[in-house]
$ cat upload.cif   # mmCIF, C-alpha atoms and all ligand atoms
data_structure
loop_
_atom_site.label_atom_id
_atom_site.label_comp_id
_atom_site.auth_asym_id
_atom_site.auth_seq_id
_atom_site.Cartn_x
_atom_site.Cartn_y
_atom_site.Cartn_z
CA MET A 293 -32.53 93.25 14.77
CA LYS A 294 -36.16 94.20 14.24
CA ILE A 295 -37.26 91.69 16.90
CA PHE A 296 -34.61 92.99 19.28
CA LYS A 297 -35.87 96.54 18.80
CA LEU A 298 -39.47 95.44 19.28
CA VAL A 299 -38.62 93.64 22.52
CA LEU A 300 -36.56 96.60 23.69
CA GLY A 301 -39.47 98.92 22.87
CA ILE A 302 -41.92 96.79 24.84
CA CYS A 303 -39.52 96.68 27.78
CA ILE A 304 -39.19 100.46 27.76
CA VAL A 305 -42.96 100.97 27.48
CA THR A 306 -43.62 98.41 30.20
CA PHE A 307 -41.01 99.51 32.66
CA GLY A 308 -40.36 103.07 31.51
CA LEU A 309 -43.22 104.70 33.41
CA SER A 310 -41.49 106.82 35.97
CA CYS A 311 -41.95 109.76 38.22
CA SER A 312 -39.96 112.92 37.69
CA LYS A 313 -38.18 114.37 40.70
CA ASP A 314 -41.05 116.89 40.84
CA GLY A 315 -43.49 113.98 41.29
CA ASP A 316 -45.22 114.24 37.88
CA VAL A 317 -45.72 110.97 36.01
CA ASN A 318 -43.72 110.82 32.78
CA PHE A 319 -43.49 107.83 30.41
CA PHE A 320 -39.90 108.81 29.68
CA SER A 321 -37.09 108.07 32.08
CA LYS A 322 -34.48 110.74 32.78
CA ASN A 323 -32.12 108.91 30.41
CA ASP A 324 -34.80 108.85 27.69
CA ASP A 325 -35.04 112.64 27.99
CA ILE A 326 -31.28 112.88 27.48
CA ALA A 327 -31.28 110.42 24.56
CA PHE A 328 -34.18 112.20 22.88
CA GLY A 329 -32.59 115.65 23.32
CA LYS A 330 -29.30 114.34 21.93
CA GLN A 331 -31.03 113.06 18.78
CA LEU A 332 -32.96 116.29 18.36
CA ASN A 333 -29.72 118.25 18.78
CA SER A 334 -27.98 116.12 16.12
CA THR A 335 -30.91 116.72 13.75
CA ILE A 336 -30.63 120.48 14.29
CA LEU A 337 -26.85 120.55 13.84
CA ALA A 338 -27.12 118.47 10.63
CA ASP A 339 -29.27 121.14 8.94
CA PRO A 340 -27.26 124.40 8.83
CA THR A 341 -29.58 125.93 6.21
CA GLU A 342 -32.56 125.78 8.53
CA TYR A 343 -30.54 126.19 11.74
CA PRO A 344 -27.42 128.26 11.01
CA ILE A 345 -25.48 127.99 14.27
CA LEU A 346 -23.60 131.17 15.15
CA ASN A 347 -19.91 130.43 14.81
CA GLU A 348 -18.42 130.21 18.30
CA ALA A 349 -14.80 130.85 17.27
CA GLN A 350 -15.86 134.11 15.60
CA ASN A 351 -18.23 135.13 18.40
CA PRO A 352 -16.52 134.15 21.65
CA GLU A 353 -18.01 137.04 23.67
CA VAL A 354 -21.57 136.11 22.67
CA TYR A 355 -21.07 132.48 23.69
CA ALA A 356 -19.28 133.42 26.91
CA TYR A 357 -22.25 135.65 27.72
CA VAL A 358 -25.07 133.16 27.03
CA ARG A 359 -23.20 130.20 28.52
CA GLY A 360 -22.22 132.26 31.56
CA ILE A 361 -25.88 133.10 32.22
CA MET A 362 -26.91 129.47 31.73
CA ASN A 363 -24.23 128.22 34.14
CA THR A 364 -25.14 130.87 36.69
CA VAL A 365 -28.84 129.88 36.61
CA LEU A 366 -27.82 126.22 36.87
CA GLN A 367 -26.12 126.97 40.18
CA SER A 368 -29.58 127.25 41.68
CA ASN A 369 -30.38 124.57 44.22
CA GLU A 370 -33.89 124.57 42.74
CA VAL A 371 -32.64 122.88 39.52
CA LEU A 372 -33.38 119.16 39.87
CA TYR A 373 -31.22 117.68 37.08
CA LYS A 374 -28.28 120.08 37.11
CA GLU A 375 -25.78 117.22 37.39
CA GLU A 376 -27.59 114.61 35.29
CA PHE A 377 -28.55 116.58 32.18
CA PRO A 378 -25.78 117.54 29.68
CA TRP A 379 -26.80 121.22 29.66
CA GLN A 380 -25.77 122.93 26.43
CA ILE A 381 -26.64 126.16 24.70
CA ARG A 382 -26.48 127.17 21.03
CA VAL A 383 -27.21 130.42 19.26
CA ILE A 384 -29.02 130.19 15.92
CA ASP A 385 -28.04 133.06 13.63
CA LYS A 386 -31.43 134.12 12.32
CA ASP A 387 -33.68 137.10 12.89
CA VAL A 388 -36.39 135.01 14.51
CA LEU A 389 -38.13 135.85 17.81
CA ASN A 390 -37.79 132.45 19.36
CA ALA A 391 -35.98 130.32 21.90
CA PHE A 392 -36.57 126.69 22.78
CA ALA A 393 -35.42 123.84 24.96
CA ALA A 394 -35.11 120.23 23.84
CA PRO A 395 -35.47 117.49 26.48
CA GLY A 396 -32.34 116.76 28.50
CA GLY A 397 -31.18 120.39 28.73
CA TYR A 398 -30.34 121.42 25.15
CA LEU A 399 -31.13 125.15 24.82
CA TYR A 400 -31.36 127.24 21.64
CA PHE A 401 -31.65 131.00 21.31
CA TYR A 402 -32.07 132.84 18.02
CA THR A 403 -30.00 136.00 17.52
CA GLY A 404 -33.30 137.80 16.79
CA PHE A 405 -34.47 136.90 20.28
CA ILE A 406 -31.26 138.00 22.02
CA LYS A 407 -31.51 141.35 20.21
CA TYR A 408 -35.15 141.69 21.22
CA CYS A 409 -34.39 141.51 24.97
CA ARG A 410 -33.68 144.89 26.57
CA SER A 411 -31.59 143.76 29.52
CA GLU A 412 -29.48 140.86 30.74
CA ALA A 413 -32.06 140.24 33.48
CA GLU A 414 -34.89 139.98 30.93
CA PHE A 415 -32.84 137.55 28.85
CA ALA A 416 -31.85 135.57 31.97
CA GLY A 417 -35.52 135.46 33.03
CA VAL A 418 -36.50 133.84 29.73
CA MET A 419 -33.49 131.52 29.82
CA ALA A 420 -34.48 130.43 33.32
CA HIS A 421 -38.00 129.78 31.99
CA GLU A 422 -36.53 127.54 29.24
CA ILE A 423 -34.30 125.74 31.75
CA ALA A 424 -37.41 125.10 33.86
CA HIS A 425 -39.24 123.51 30.90
CA ALA A 426 -36.35 121.08 30.39
CA ASP A 427 -35.63 120.50 34.09
CA ARG A 428 -39.28 119.94 35.07
CA ARG A 429 -39.44 117.65 32.00
CA HIS A 430 -42.35 119.52 30.39
CA SER A 431 -40.90 118.91 26.92
CA THR A 432 -41.31 115.13 27.00
CA GLU A 433 -44.69 115.42 28.72
CA THR A 434 -45.89 117.67 25.88
CA LEU A 435 -44.35 115.51 23.14
CA THR A 436 -45.98 112.41 24.63
CA LYS A 437 -49.38 114.10 24.62
CA VAL A 438 -49.03 115.23 21.00
CA TYR A 439 -47.30 112.24 19.40
CA GLY A 440 -48.11 109.33 21.67
CA ILE A 441 -45.61 107.11 23.38
CA GLN A 442 -45.17 104.65 20.49
CA ILE A 443 -43.99 107.24 17.96
CA LEU A 444 -41.59 108.74 20.48
CA PHE A 445 -40.04 105.40 21.34
CA SER A 446 -39.70 104.56 17.65
CA ILE A 447 -37.76 107.81 17.32
CA LEU A 448 -35.60 106.86 20.31
CA LEU A 449 -34.85 103.54 18.64
CA GLY A 450 -33.72 105.35 15.49
CA ASP A 451 -36.64 104.23 13.34
CA ASN A 452 -38.21 107.59 12.63
CA PRO A 453 -35.75 110.28 11.47
CA SER A 454 -38.34 112.30 9.49
CA GLN A 455 -40.51 112.63 12.57
CA LEU A 456 -37.50 113.96 14.45
CA GLN A 457 -37.03 116.64 11.76
CA GLU A 458 -40.68 117.58 12.06
CA ILE A 459 -40.42 117.97 15.84
CA ALA A 460 -37.30 120.14 15.49
CA ALA A 461 -39.13 122.35 12.97
CA LEU A 462 -42.17 122.64 15.23
CA LEU A 463 -40.02 123.69 18.17
CA ALA A 464 -37.98 126.15 16.14
CA THR A 465 -40.46 127.94 13.93
CA ASN A 466 -44.18 127.35 14.07
CA GLY A 467 -44.81 125.10 17.00
CA ALA A 468 -48.48 125.70 17.87
CA ALA A 469 -48.91 121.92 17.77
CA LEU A 470 -46.24 121.57 20.47
CA SER A 471 -47.63 124.29 22.66
CA PHE A 472 -46.93 123.90 26.38
CA SER A 473 -49.98 123.70 28.64
CA ARG A 474 -51.04 126.58 30.85
CA LYS A 475 -49.86 124.57 33.88
CA HIS A 476 -46.41 124.18 32.32
CA GLU A 477 -46.18 127.89 31.52
CA TYR A 478 -47.13 128.88 35.06
CA GLU A 479 -44.63 126.45 36.50
CA ALA A 480 -41.81 127.59 34.17
CA ASP A 481 -42.53 131.23 35.12
CA GLU A 482 -42.53 130.32 38.80
CA TYR A 483 -39.19 128.52 38.54
CA SER A 484 -37.68 131.33 36.48
CA LEU A 485 -38.33 133.49 39.54
CA ARG A 486 -37.15 130.87 42.02
CA TYR A 487 -33.90 130.18 40.10
CA LEU A 488 -33.01 133.88 39.82
CA ASN A 489 -33.87 134.48 43.45
CA SER A 490 -31.64 131.64 44.62
CA ILE A 491 -28.52 132.76 42.69
CA LYS A 492 -28.51 136.37 43.87
CA GLN A 493 -25.15 135.93 45.58
CA THR A 494 -23.59 135.20 42.19
CA ARG A 495 -25.58 137.58 40.00
CA ASN A 496 -28.11 139.93 41.53
CA TYR A 497 -30.83 139.80 38.86
CA HIS A 498 -34.20 141.20 39.77
CA PRO A 499 -35.97 137.85 40.38
CA THR A 500 -39.17 138.77 38.50
CA ALA A 501 -37.26 139.64 35.31
CA ILE A 502 -39.62 137.42 33.30
CA ILE A 503 -42.27 140.12 33.95
CA ASP A 504 -40.10 142.63 32.05
CA PHE A 505 -40.38 140.27 29.11
CA PHE A 506 -44.19 140.07 29.42
CA ASP A 507 -44.44 143.88 29.60
CA HIS A 508 -42.07 144.22 26.66
CA MET A 509 -44.27 141.97 24.50
CA LYS A 510 -47.41 143.81 25.53
CA GLU A 511 -45.89 147.20 24.72
CA ASP A 512 -45.10 145.87 21.26
CA SER A 513 -48.61 144.36 20.89
CA LEU A 514 -47.07 140.93 20.42
CA THR A 515 -49.32 139.08 22.84
CA THR A 516 -52.38 138.97 20.57
CA PRO A 517 -53.21 135.44 19.31
CA ASP A 518 -52.52 136.36 15.68
CA GLY A 519 -49.25 138.12 16.52
CA SER A 520 -46.12 137.11 14.64
CA PHE A 521 -44.13 136.30 17.76
CA GLU A 522 -42.86 132.76 17.26
CA PHE A 523 -42.03 132.31 20.95
CA LEU A 524 -45.70 132.58 21.91
CA ARG A 525 -46.81 129.73 19.71
CA THR A 526 -45.10 127.23 22.00
CA HIS A 527 -45.36 129.40 25.15
CA PRO A 528 -48.96 130.69 25.13
CA TYR A 529 -49.45 133.96 26.99
CA ASP A 530 -52.32 134.89 29.24
CA ASN A 531 -52.81 137.88 31.49
CA ASN A 532 -52.70 135.82 34.68
CA ARG A 533 -49.07 134.83 34.19
CA LYS A 534 -47.84 138.16 35.50
CA ALA A 535 -50.08 138.00 38.58
CA ASN A 536 -48.87 134.43 39.21
CA VAL A 537 -45.23 135.57 39.28
CA GLN A 538 -46.03 138.58 41.46
CA LYS A 539 -47.85 136.41 43.98
CA ILE A 540 -44.85 134.08 44.40
CA TRP A 541 -42.51 137.07 44.55
CA GLN A 542 -44.47 138.46 47.50
CA GLU A 543 -44.41 135.05 49.19
CA LEU A 544 -40.60 135.15 48.89
CA GLY A 545 -40.50 138.52 50.64
CA SER A 546 -40.41 140.78 47.53
CA PRO A 547 -36.64 140.51 46.84
CA VAL A 548 -35.14 143.05 44.45
CA GLY A 549 -32.14 143.14 42.11
CA SER A 550 -30.70 144.75 38.98
CA LYS A 551 -31.47 144.62 35.26
CA PHE A 552 -27.96 144.90 33.74
CA GLU A 553 -29.07 146.79 30.62
CA THR A 554 -25.61 148.01 29.60
CA GLU A 555 -24.16 144.49 29.69
CA HIS A 556 -26.87 143.19 27.39
CA ALA A 557 -26.55 146.13 24.98
CA ALA A 558 -22.81 145.36 24.60
CA ILE A 559 -23.63 141.83 23.40
CA VAL A 560 -26.43 143.00 21.11
CA ALA A 561 -23.95 145.44 19.52
CA LYS A 562 -21.72 142.47 18.63
CA LEU A 563 -24.62 140.79 16.84
CA ASP A 564 -25.52 143.82 14.68
ZN ZN B 1 -42.83 128.38 28.27
#

$ encode --input "upload.cif" --output "structure tokens"
Amino acid sequence: MKIFKLVLGICIVTFGLSCSKDGDVNFFSKNDDIAFGKQLNSTILADPTEYPILNEAQNPEVYAYVRGIMNTVLQSNEVLYKEEFPWQIRVIDKDVLNAFAAPGGYLYFYTGFIKYCRSEAEFAGVMAHEIAHADRRHSTETLTKVYGIQILFSILLGDNPSQLQEIAALLATNGAALSFSRKHEYEADEYSLRYLNSIKQTRNYHPTAIIDFFDHMKEDSLTTPDGSFEFLRTHPYDNNRKANVQKIWQELGSPVGSKFETEHAAIVAKLD
């Protein structure tokens, strides 16, 4: 069995180098992304003390809301792996200001984060940003850089469960070590805008809603490096991100839309 796994590992490493649909080189194949995300998801679901999943049967409106937004964003023709990835969303019932995406399209939002957002558009803007990280396959690019390809493939082969727990914890709570690069952040912001702009017929969000989120953090002085905003440890902020989004918005002809504040407040009220 060991020899089989070793040979399989070598085969994956030798032949696994592939290009994403966006042209970036990634040592993981699309199916590796899915397999890795599935394992990470199982690790998260197996630890309800650390990751208390909000009960769906008791909170149907909350799940209909978050899943509805996810499915709406996924209608965008800009999403590359909308059919291939098993897109899923879970709400973690903790007062933590974080959200994260595992490879393969597994999304997690803390109740603390949903409550923090002031409008449905702001929340959708951040969700679109998370979808972009998974869809552009930033997660596996970042994990490969931090852990190296050998450790990741040993996890994929089921040899390294404690490492999987560590990665889940880094993503969920204090993930400075798994911080996305500036390039990834700019790209996820750009695609947040592009996704929202391309689904306006279904839901007319203001396409630059991610900027509301930036402004919101700045108003609350959460963008300083020593701030206690968990989200920023994996998604580092810099002042050029807003200008980057605005530039693309102008290139798209400055489209406008709505914020849907009342709709979001109704869901937040259910979480209080
Ligand atoms: Zn990000």

$ atom_distance --input "upload.cif" --atom1 "atom CA of A:Lys374" --atom2 "atom CA of A:Ser490"
14.2 Å

$ residues_near_ligand --input "upload.cif" --ligand "ligand ZN 1 (chain B)" --cutoff "8 Å" --atoms "all atoms listed in the file" --output "list in words"
His421, Glu422, His425, Phe472, His476, Glu477, Ala480, Asp481, Thr526, His527 and Pro528 of chain A

$ write_last_selection --input "upload.cif" --atoms "C-alpha atoms" --output "short mmCIF file (atom, residue, chain, number, x, y, z; two decimals), in the frame of the given file"
data_model
loop_
_atom_site.label_atom_id
_atom_site.label_comp_id
_atom_site.auth_asym_id
_atom_site.auth_seq_id
_atom_site.Cartn_x
_atom_site.Cartn_y
_atom_site.Cartn_z
CA HIS A 421 -38.00 129.78 31.99
CA GLU A 422 -36.53 127.54 29.24
CA HIS A 425 -39.24 123.51 30.90
CA PHE A 472 -46.93 123.90 26.38
CA HIS A 476 -46.41 124.18 32.32
CA GLU A 477 -46.18 127.89 31.52
CA ALA A 480 -41.81 127.59 34.17
CA ASP A 481 -42.53 131.23 35.12
CA THR A 526 -45.10 127.23 22.00
CA HIS A 527 -45.36 129.40 25.15
CA PRO A 528 -48.96 130.69 25.13
#

$ residues_around --input "upload.cif" --residues "A:Thr403" --least-positions-apart "2" --cutoff "8 Å" --atoms "only C-alpha atoms" --output "MDAnalysis selection string"
chainID A and resid 383:388 401 405:407 563

$ write_last_selection --input "upload.cif" --atoms "C-alpha atoms" --output "compact mmCIF listing (two decimals), in the frame of the given file"
# COMPACT_ATOMS: atom_id res chain seq x y z
CA VAL A 383 -27.21 130.42 19.26
CA ILE A 384 -29.02 130.19 15.92
CA ASP A 385 -28.04 133.06 13.63
CA LYS A 386 -31.43 134.12 12.32
CA ASP A 387 -33.68 137.10 12.89
CA VAL A 388 -36.39 135.01 14.51
CA PHE A 401 -31.65 131.00 21.31
CA PHE A 405 -34.47 136.90 20.28
CA ILE A 406 -31.26 138.00 22.02
CA LYS A 407 -31.51 141.35 20.21
CA LEU A 563 -24.62 140.79 16.84

$ closest_residue --input "upload.cif" --among "A:Ile447, A:Lys551, A:Ala394, A:Tyr400" --to "A:Ile381" --atoms "only C-alpha atoms"
A:Tyr400

$ closest_residue --input "upload.cif" --among "A:Leu346, A:Ile502, A:Leu463, A:Leu332" --to "A:Met419" --atoms "all atoms listed in the file"
A:Ile502

$ closest_residue --input "upload.cif" --among "A:Lys437, A:His556, A:Arg428, A:His508" --to "A:Tyr483" --atoms "all atoms listed in the file"
A:Arg428

$ atom_distance --input "upload.cif" --atom1 "atom CA of A:Leu514" --atom2 "atom CA of A:Pro547"
28.4 Å

$ atom_distance --input "upload.cif" --atom1 "atom CA of A:Gly549" --atom2 "atom CA of A:Asn496"
5.2 Å

$ closest_residue --input "upload.cif" --among "A:Tyr357, A:Tyr402, A:Tyr439, A:Phe377" --to "A:Ala426" --atoms "all atoms listed in the file"
A:Phe377

$ closest_residue --input "upload.cif" --among "A:Gln457, A:Asn489, A:Asn532, A:Thr515" --to "A:Ser546" --atoms "only C-alpha atoms"
A:Asn489

$ residues_around --input "upload.cif" --residues "A:Arg410" --least-positions-apart "5" --cutoff "10 Å" --atoms "only C-alpha atoms" --output "ChimeraX atom specification"
/A:415,504-505,508,551-554,556-557,560

$ write_last_selection --input "upload.cif" --atoms "C-alpha atoms" --output "PDB file, in the frame of the given file"
ATOM      1  CA  PHE A 415     -32.840 137.550  28.850  1.00  0.00           C
ATOM      2  CA  ASP A 504     -40.100 142.630  32.050  1.00  0.00           C
ATOM      3  CA  PHE A 505     -40.380 140.270  29.110  1.00  0.00           C
ATOM      4  CA  HIS A 508     -42.070 144.220  26.660  1.00  0.00           C
ATOM      5  CA  LYS A 551     -31.470 144.620  35.260  1.00  0.00           C
ATOM      6  CA  PHE A 552     -27.960 144.900  33.740  1.00  0.00           C
ATOM      7  CA  GLU A 553     -29.070 146.790  30.620  1.00  0.00           C
ATOM      8  CA  THR A 554     -25.610 148.010  29.600  1.00  0.00           C
ATOM      9  CA  HIS A 556     -26.870 143.190  27.390  1.00  0.00           C
ATOM     10  CA  ALA A 557     -26.550 146.130  24.980  1.00  0.00           C
ATOM     11  CA  VAL A 560     -26.430 143.000  21.110  1.00  0.00           C
TER      12      VAL A 560
END

$ closest_residue --input "upload.cif" --among "A:Ile459, A:Val365, A:Arg429, A:Ser513" --to "A:Ile443" --atoms "only C-alpha atoms"
A:Ile459

$ axis_aligned_box --input "upload.cif" --around "stretch 352-364 of chain A" --padding-each-side "6 Å" --output "lines of an AutoDock Vina configuration file"
center_x = -21.7
center_y = 132.6
center_z = 29.2
size_x = 22.4
size_y = 20.8
size_z = 27.0

$ residues_around --input "upload.cif" --residues "A:Leu485" --least-positions-apart "4" --cutoff "8 Å" --atoms "all atoms listed in the file" --output "mmCIF file with C-alpha atoms, keeping the file's coordinate frame"
data_model
loop_
_atom_site.group_PDB
_atom_site.id
_atom_site.type_symbol
_atom_site.label_atom_id
_atom_site.label_comp_id
_atom_site.auth_asym_id
_atom_site.auth_seq_id
_atom_site.Cartn_x
_atom_site.Cartn_y
_atom_site.Cartn_z
ATOM 1 C CA GLY A 417 -35.520 135.460 33.030
ATOM 2 C CA ALA A 420 -34.480 130.430 33.320
ATOM 3 C CA ASP A 481 -42.530 131.230 35.120
ATOM 4 C CA ASN A 489 -33.870 134.480 43.450
ATOM 5 C CA PRO A 499 -35.970 137.850 40.380
ATOM 6 C CA THR A 500 -39.170 138.770 38.500
ATOM 7 C CA ALA A 501 -37.260 139.640 35.310
ATOM 8 C CA ILE A 502 -39.620 137.420 33.300
ATOM 9 C CA VAL A 537 -45.230 135.570 39.280
ATOM 10 C CA TRP A 541 -42.510 137.070 44.550
#
